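Source file: data_17.csv (CSV, C-alpha atoms)
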chain,number,residue,atom,x,y,z
A,1,MET,CA,99.3,85.4,113.5
A,2,SER,CA,101.1,82.4,115.0
A,3,ALA,CA,100.4,81.2,118.6
A,4,ALA,CA,104.0,82.0,119.5
A,5,THR,CA,103.7,85.6,118.3
A,6,GLU,CA,100.4,86.0,120.2
A,7,ALA,CA,102.1,84.6,123.3
A,8,ARG,CA,104.9,87.2,123.0
A,9,ARG,CA,102.5,90.0,122.5
A,10,THR,CA,100.5,88.9,125.6
A,11,GLN,CA,103.7,88.8,127.6
A,12,LEU,CA,104.6,92.3,126.6
A,13,ASP,CA,101.1,93.5,127.2
A,14,ARG,CA,101.4,92.4,130.8
A,15,ILE,CA,104.6,94.5,131.2
A,16,LEU,CA,102.8,97.6,129.8
A,17,ASP,CA,99.7,97.0,131.9
A,18,ALA,CA,101.9,97.0,135.0
A,19,GLN,CA,102.9,100.6,134.3
A,20,GLU,CA,100.8,103.7,135.2
A,21,PRO,CA,99.0,104.8,132.0
A,22,SER,CA,100.0,108.3,130.8
A,23,GLN,CA,100.3,110.3,127.6
A,24,ALA,CA,104.0,110.8,128.5
A,25,LEU,CA,104.6,107.0,128.4
A,26,ALA,CA,102.9,106.7,125.0
A,27,ASP,CA,105.0,109.6,123.7
A,28,GLU,CA,108.2,107.9,125.0
A,29,LEU,CA,107.4,104.6,123.3
A,30,PHE,CA,106.6,106.4,120.0
A,31,ALA,CA,109.9,108.2,120.3
A,32,VAL,CA,111.7,104.8,120.7
A,33,VAL,CA,110.0,103.6,117.6
A,34,GLY,CA,111.3,106.7,115.7
A,35,LEU,CA,114.8,106.0,117.1
A,36,LEU,CA,114.7,102.4,116.1
A,37,GLU,CA,113.5,103.3,112.6
A,38,ALA,CA,116.3,105.8,112.2
A,39,GLN,CA,119.1,103.6,113.7
A,40,PRO,CA,119.3,100.2,111.9
A,41,THR,CA,122.4,99.2,113.9
A,42,LEU,CA,120.6,99.6,117.2
A,43,ARG,CA,117.4,98.1,115.9
A,44,ASN,CA,119.3,95.0,114.7
A,45,ALA,CA,121.3,94.7,117.9
A,46,LEU,CA,118.2,94.7,120.1
A,47,SER,CA,116.5,92.1,118.0
A,48,ASP,CA,119.6,89.9,117.4
A,49,LEU,CA,118.6,86.4,118.4
A,50,THR,CA,122.2,85.2,118.4
A,51,ALA,CA,122.8,87.4,121.4
A,52,PRO,CA,121.5,86.3,124.9
A,53,GLU,CA,118.3,87.8,126.1
A,54,THR,CA,120.0,89.5,129.0
A,55,ALA,CA,122.5,91.1,126.7
A,56,ARG,CA,119.8,92.6,124.6
A,57,GLN,CA,118.0,93.9,127.6
A,58,GLN,CA,121.2,95.4,129.1
A,59,LEU,CA,121.8,97.2,125.8
A,60,ALA,CA,118.4,98.7,125.9
A,61,SER,CA,119.0,99.9,129.4
A,62,ALA,CA,122.4,101.3,128.6
A,63,VAL,CA,121.3,103.2,125.5
A,64,LEU,CA,117.9,104.4,126.7
A,65,GLY,CA,118.0,104.3,130.5
A,66,THR,CA,119.1,107.9,131.0
A,67,GLN,CA,116.6,109.2,128.4
A,68,LEU,CA,113.4,107.5,129.3
A,69,SER,CA,111.2,106.9,132.4
A,70,ALA,CA,111.5,103.7,134.3
A,71,SER,CA,108.2,102.6,132.9
A,72,ALA,CA,109.2,103.1,129.3
A,73,VAL,CA,112.6,101.4,129.9
A,74,ALA,CA,110.7,98.4,131.4
A,75,VAL,CA,108.6,98.0,128.2
A,76,VAL,CA,111.5,98.4,125.8
A,77,GLN,CA,113.6,95.9,127.8
A,78,GLY,CA,110.7,93.5,127.8
A,79,ALA,CA,110.4,93.8,124.0
A,80,ALA,CA,114.1,93.4,123.5
A,81,GLY,CA,114.1,90.3,125.7
A,82,LEU,CA,111.6,88.5,123.5
A,83,ARG,CA,112.2,86.7,120.2
A,84,TRP,CA,110.6,88.6,117.3
A,85,ALA,CA,110.6,87.7,113.6
A,86,GLY,CA,113.4,90.1,112.7
A,87,ALA,CA,114.0,93.8,113.6
A,88,GLY,CA,110.7,94.9,112.1
A,89,GLY,CA,108.9,92.7,114.6
A,90,LEU,CA,110.6,94.4,117.5
A,91,VAL,CA,109.7,97.9,116.1
A,92,ALA,CA,106.0,96.8,115.6
A,93,ALA,CA,105.9,95.4,119.2
A,94,VAL,CA,107.0,98.7,120.7
A,95,GLU,CA,104.7,100.6,118.4
A,96,ARG,CA,101.8,98.5,119.6
A,97,GLN,CA,102.6,99.2,123.2
A,98,GLY,CA,102.7,102.9,122.5
A,99,LEU,CA,99.2,102.7,121.0
A,100,ARG,CA,98.0,100.6,124.0
A,101,ALA,CA,99.5,103.2,126.4
A,102,LEU,CA,97.5,105.9,124.7
A,103,LEU,CA,94.3,103.8,124.8
A,104,ARG,CA,94.8,102.9,128.4
A,105,THR,CA,95.3,106.6,129.2
A,106,ALA,CA,92.0,107.4,127.5
A,107,GLN,CA,90.3,104.6,129.3
A,108,ALA,CA,91.6,105.8,132.7
A,109,ALA,CA,90.2,109.2,131.9
A,110,GLY,CA,86.8,107.8,130.9
A,111,GLN,CA,87.3,108.8,127.3
A,112,LEU,CA,87.8,105.5,125.5
A,113,ASP,CA,84.2,105.3,124.2
A,114,THR,CA,84.6,108.7,122.8
A,115,VAL,CA,87.9,108.0,121.2
A,116,GLU,CA,86.7,104.8,119.7
A,117,GLU,CA,83.6,106.4,118.2
A,118,GLU,CA,85.5,109.4,116.8
A,119,LEU,CA,88.2,107.1,115.3
A,120,PHE,CA,85.5,105.0,113.7
A,121,ARG,CA,83.8,108.1,112.2
A,122,PHE,CA,87.1,109.4,110.9
A,123,SER,CA,87.8,106.0,109.3
A,124,ARG,CA,84.4,106.2,107.5
A,125,ILE,CA,85.1,109.7,106.3
A,126,VAL,CA,88.4,108.4,104.8
A,127,ALA,CA,86.7,105.4,103.3
A,128,GLY,CA,84.1,107.5,101.7
A,129,ASP,CA,86.3,110.3,100.2
A,130,ARG,CA,88.6,109.0,97.5
A,131,ALA,CA,90.5,112.2,97.2
A,132,LEU,CA,91.2,112.4,100.9
A,133,ARG,CA,92.1,108.7,101.1
A,134,ASN,CA,94.6,109.2,98.2
A,135,ALA,CA,96.1,112.3,99.8
A,136,LEU,CA,96.6,110.5,103.2
A,137,ASP,CA,98.1,107.4,101.6
A,138,ASP,CA,100.5,109.3,99.3
A,139,ARG,CA,103.9,108.3,100.6
A,140,ALA,CA,105.5,110.7,98.2
A,141,ALA,CA,104.0,113.6,100.2
A,142,SER,CA,105.6,114.7,103.4
A,143,LEU,CA,104.4,113.0,106.6
A,144,ALA,CA,104.1,116.4,108.3
A,145,GLY,CA,101.9,117.7,105.5
A,146,ARG,CA,99.6,114.7,105.7
A,147,GLN,CA,99.4,114.9,109.4
A,148,GLN,CA,98.5,118.6,109.1
A,149,ILE,CA,95.5,117.5,106.9
A,150,VAL,CA,94.3,115.3,109.7
A,151,ALA,CA,94.9,118.0,112.3
A,152,ASP,CA,92.8,120.5,110.2
A,153,LEU,CA,90.0,118.0,109.7
A,154,LEU,CA,89.7,117.1,113.4
A,155,ALA,CA,90.5,120.5,115.0
A,156,GLY,CA,87.9,121.2,117.7
A,157,LYS,CA,86.0,118.0,116.7
A,158,ALA,CA,87.9,115.2,118.4
A,159,ALA,CA,89.7,114.3,121.6
A,160,ASP,CA,93.5,114.8,121.7
A,161,ALA,CA,94.0,111.0,121.8
A,162,THR,CA,91.9,110.6,118.6
A,163,VAL,CA,94.0,113.2,116.8
A,164,VAL,CA,97.2,111.5,117.9
A,165,LEU,CA,96.0,108.1,116.7
A,166,ALA,CA,94.6,109.4,113.4
A,167,GLN,CA,98.0,111.1,112.7
A,168,ARG,CA,99.9,108.0,113.9
A,169,ALA,CA,98.0,105.9,111.3
A,170,LEU,CA,99.8,107.8,108.5
A,171,ARG,CA,103.1,106.4,109.5
A,172,ALA,CA,102.2,102.8,108.5
A,173,SER,CA,104.3,102.1,105.4
A,174,GLU,CA,102.9,98.6,104.5
A,175,ARG,CA,99.2,99.3,105.0
A,176,THR,CA,96.6,101.9,104.0
A,177,VAL,CA,95.4,104.5,106.4
A,178,GLU,CA,92.0,102.9,106.4
A,179,LEU,CA,93.3,99.4,107.3
A,180,THR,CA,95.6,100.9,110.0
A,181,LEU,CA,92.6,102.8,111.6
A,182,GLU,CA,90.7,99.5,111.5
A,183,ALA,CA,93.6,97.8,113.4
A,184,TYR,CA,93.5,100.6,116.0
A,185,LEU,CA,89.8,100.1,116.5
A,186,LYS,CA,90.4,96.4,117.1
A,187,LEU,CA,93.1,97.2,119.6
A,188,ALA,CA,90.7,99.6,121.4
A,189,ALA,CA,88.1,96.8,121.6
A,190,GLU,CA,90.7,94.4,122.9
A,191,GLN,CA,91.5,96.9,125.6
A,192,ARG,CA,88.1,96.5,127.0
A,193,ARG,CA,87.9,92.7,126.3
A,194,ARG,CA,85.2,93.4,123.7
A,195,ALA,CA,84.4,92.1,120.2
A,196,ILE,CA,83.7,94.5,117.3
A,197,ALA,CA,80.5,94.1,115.3
A,198,GLU,CA,80.5,96.1,112.1
A,199,VAL,CA,76.9,97.0,111.4
A,200,THR,CA,75.5,98.3,108.1
A,201,VAL,CA,72.0,99.7,107.9
A,202,ALA,CA,70.0,101.9,105.5
A,203,ARG,CA,69.1,104.4,108.2
A,204,PRO,CA,70.7,105.3,111.6
A,205,LEU,CA,69.7,103.1,114.5
A,206,SER,CA,67.8,104.6,117.4
A,207,ALA,CA,69.4,104.2,120.9
A,208,GLU,CA,66.8,101.5,121.7
A,209,GLN,CA,67.6,99.6,118.4
A,210,ALA,CA,71.3,99.7,119.0
A,211,ASP,CA,70.9,98.5,122.6
A,212,ARG,CA,68.7,95.5,121.5
A,213,LEU,CA,71.2,94.6,118.7
A,214,ARG,CA,74.2,94.9,121.1
A,215,HIS,CA,72.4,92.7,123.7
A,216,ALA,CA,71.5,90.0,121.1
A,217,LEU,CA,75.1,89.9,119.7
A,218,THR,CA,76.6,89.8,123.2
A,219,LYS,CA,74.5,86.8,124.0
A,220,GLN,CA,75.5,85.1,120.8
A,221,VAL,CA,79.3,85.6,121.1
A,222,GLY,CA,79.5,85.5,124.9
A,223,ARG,CA,81.5,88.8,125.1
A,224,GLU,CA,80.6,92.5,125.3
A,225,ILE,CA,80.2,94.0,121.9
A,226,THR,CA,81.2,97.3,120.5
A,227,LEU,CA,78.9,98.4,117.6
A,228,GLN,CA,80.4,100.2,114.7
A,229,VAL,CA,77.4,101.4,112.6
A,230,ASN,CA,77.8,102.4,109.0
A,231,VAL,CA,74.8,103.9,107.3
A,232,ASP,CA,74.5,102.9,103.6
A,233,PRO,CA,71.1,103.6,101.8
A,234,ALA,CA,72.1,101.0,99.2
A,235,VAL,CA,71.2,98.2,101.5
A,236,LEU,CA,67.6,99.4,101.3
A,237,GLY,CA,66.5,97.9,104.7
A,238,GLY,CA,67.5,95.4,107.3
A,239,VAL,CA,70.8,94.9,108.9
A,240,ARG,CA,74.2,93.4,107.9
A,241,VAL,CA,76.5,92.4,110.7
A,242,LYS,CA,80.1,91.4,110.4
A,243,LEU,CA,81.7,89.7,113.4
A,244,GLY,CA,85.3,88.9,112.6
A,245,ASP,CA,85.1,86.6,109.6
A,246,GLU,CA,81.4,85.9,110.0
A,247,VAL,CA,78.9,87.9,108.1
A,248,ILE,CA,75.2,87.9,109.1
A,249,GLU,CA,73.3,89.1,106.0
A,250,GLY,CA,69.8,90.5,106.8
A,251,THR,CA,69.5,93.4,104.4
A,252,VAL,CA,66.9,93.7,101.6
A,253,ALA,CA,69.7,94.2,99.0
A,254,GLY,CA,71.5,91.1,100.3
A,255,ARG,CA,68.4,89.0,100.0
A,256,LEU,CA,67.7,90.3,96.5
A,257,GLN,CA,71.2,89.4,95.5
A,258,ALA,CA,70.9,85.9,96.9
A,259,ALA,CA,67.6,85.4,95.1
A,260,GLU,CA,69.2,86.6,91.8
A,261,ARG,CA,72.0,84.1,92.3
A,262,GLN,CA,69.6,81.2,92.8
A,263,LEU,CA,67.6,82.2,89.7
A,264,ASN,CA,70.8,82.3,87.6

Output the file's structure as structure tokens, nothing else.
Amino acid sequence: MSAATEARRTQLDRILDAQEPSQALADELFAVVGLLEAQPTLRNALSDLTAPETARQQLASAVLGTQLSASAVAVVQGAAGLRWAGAGGLVAAVERQGLRALLRTAQAAGQLDTVEEELFRFSRIVAGDRALRNALDDRAASLAGRQQIVADLLAGKAADATVVLAQRALRASERTVELTLEAYLKLAAEQRRRAIAEVTVARPLSAEQADRLRHALTKQVGREITLQVNVDPAVLGGVRVKLGDEVIEGTVAGRLQAAERQLN
């Protein structure tokens, strides 16, 4: 992502963060995404860089002002006033703010930890079940049908926000469900100004072990850490930690592979 795109995202984040978080706001922004996807003329007009910024914002207000809350209009106007890389960039920007509105609502309710953990567990279920992954990624199947699969899997087992996010991930047309869920988890970590450490171990960590690892990684990176623990007996023992692009290999399987490479 370019520095310019990151700056635009940050600017729009500030507009969203100035609004009162609510499920209703998230729903409104998701509805705007649906409208923009269905109406290419409107989508192109709101992202037309040959038109003045104020003209694009006025169009957003004129079209949506009577249908949305003031908070939702403020976010959409803010998005329309920025310079995105085409109409798709505008749609993605509004989608991101809808996701952030949902995560901020969960955070305000003290449920963000729960949502993050449930979303991670669901992503691991998808990653580990090829038939399920193929069914959820099948764009030839109806979106409603695939969303019902998710609803059935999570019924009574996850928070409402988790279900909404898991179903929302099925809409991504250019990414797999697994990658989209991963992006959502990163967004949740950003919401709390945390970094994500993907941890792979042979056996589940105890609460004490997890706390020690979290503390050590927090000291190393200088930020609070969210641990995402994946249990994989194939690593035999030890811990593998992935922090962004950096991988800290401390597993028995990893050391054996390194030794084998040296011998060869």

Long-range neighbours of segment 126-138 of chain A as a PDB file with C-alpha atoms, in the frame of the given file, 10 Å cut-off, only C-alpha atoms, 6 positions minimum in chain:
ATOM      1  CA  PHE A 120      85.500 105.000 113.700  1.00  0.00           C
ATOM      2  CA  GLY A 145     101.900 117.700 105.500  1.00  0.00           C
ATOM      3  CA  ARG A 146      99.600 114.700 105.700  1.00  0.00           C
ATOM      4  CA  GLN A 147      99.400 114.900 109.400  1.00  0.00           C
ATOM      5  CA  ILE A 149      95.500 117.500 106.900  1.00  0.00           C
ATOM      6  CA  VAL A 150      94.300 115.300 109.700  1.00  0.00           C
ATOM      7  CA  GLN A 167      98.000 111.100 112.700  1.00  0.00           C
ATOM      8  CA  ALA A 169      98.000 105.900 111.300  1.00  0.00           C
ATOM      9  CA  LEU A 170      99.800 107.800 108.500  1.00  0.00           C
ATOM     10  CA  ARG A 171     103.100 106.400 109.500  1.00  0.00           C
ATOM     11  CA  ALA A 172     102.200 102.800 108.500  1.00  0.00           C
ATOM     12  CA  SER A 173     104.300 102.100 105.400  1.00  0.00           C
ATOM     13  CA  ARG A 175      99.200  99.300 105.000  1.00  0.00           C
ATOM     14  CA  THR A 176      96.600 101.900 104.000  1.00  0.00           C
ATOM     15  CA  VAL A 177      95.400 104.500 106.400  1.00  0.00           C
ATOM     16  CA  GLU A 178      92.000 102.900 106.400  1.00  0.00           C
ATOM     17  CA  LEU A 179      93.300  99.400 107.300  1.00  0.00           C
ATOM     18  CA  LEU A 181      92.600 102.800 111.600  1.00  0.00           C
TER      19      LEU A 181
END

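Residue nearest Val76 of chain A, chosen from A:Lys186, A:Arg214, A:Arg43, A:Arg104 and counting all atoms listed in the file: A:Arg43.
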
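Among the candidates A:Leu119, A:Ala141, A:Leu36, A:Leu90, the residue lying nearest to Thr5 of chain A is A:Leu90 (atoms considered: all atoms listed in the file).
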
- request: Would you mind listing what lies within 9 Å of Val164 of chain A as a VMD selection string, with all atoms listed in the file counted and same-chain residues fewer than 5 positions away left out?
  value: chain A and resid 102 151 159 169

task: To one decimal in Å, tell me the separation between atom CA of Ala202 of chain A and atom CA of Asp232 of chain A.
output: 5.0 Å

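Using all atoms listed in the file, the contacts of Ala72 of chain A at a cut-off of 10 Å, with sequence neighbours closer than 5 positions omitted, comprise A:Ile15, A:Leu16, A:Gln19, A:Ala24, A:Leu25, A:Ala26, A:Asp27, A:Glu28, A:Leu29, A:Val32, A:Leu64, A:Gly65, A:Gln67, A:Gln77, A:Gly78, A:Val94, A:Gln97, A:Gly98.
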
Would you mind exporting the chosen residues as an mmCIF file, keeping the file's coordinate frame, restricted to C-alpha atoms?
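What follows is the written file again_21.cif:
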data_model
loop_
_atom_site.group_PDB
_atom_site.id
_atom_site.type_symbol
_atom_site.label_atom_id
_atom_site.label_comp_id
_atom_site.auth_asym_id
_atom_site.auth_seq_id
_atom_site.Cartn_x
_atom_site.Cartn_y
_atom_site.Cartn_z
ATOM 1 C CA ILE A 15 104.600 94.500 131.200
ATOM 2 C CA LEU A 16 102.800 97.600 129.800
ATOM 3 C CA GLN A 19 102.900 100.600 134.300
ATOM 4 C CA ALA A 24 104.000 110.800 128.500
ATOM 5 C CA LEU A 25 104.600 107.000 128.400
ATOM 6 C CA ALA A 26 102.900 106.700 125.000
ATOM 7 C CA ASP A 27 105.000 109.600 123.700
ATOM 8 C CA GLU A 28 108.200 107.900 125.000
ATOM 9 C CA LEU A 29 107.400 104.600 123.300
ATOM 10 C CA VAL A 32 111.700 104.800 120.700
ATOM 11 C CA LEU A 64 117.900 104.400 126.700
ATOM 12 C CA GLY A 65 118.000 104.300 130.500
ATOM 13 C CA GLN A 67 116.600 109.200 128.400
ATOM 14 C CA GLN A 77 113.600 95.900 127.800
ATOM 15 C CA GLY A 78 110.700 93.500 127.800
ATOM 16 C CA VAL A 94 107.000 98.700 120.700
ATOM 17 C CA GLN A 97 102.600 99.200 123.200
ATOM 18 C CA GLY A 98 102.700 102.900 122.500
#

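From atom CA of Ala60 of chain A back to atom CA of Thr105 of chain A, the distance works out to 24.6 Å.
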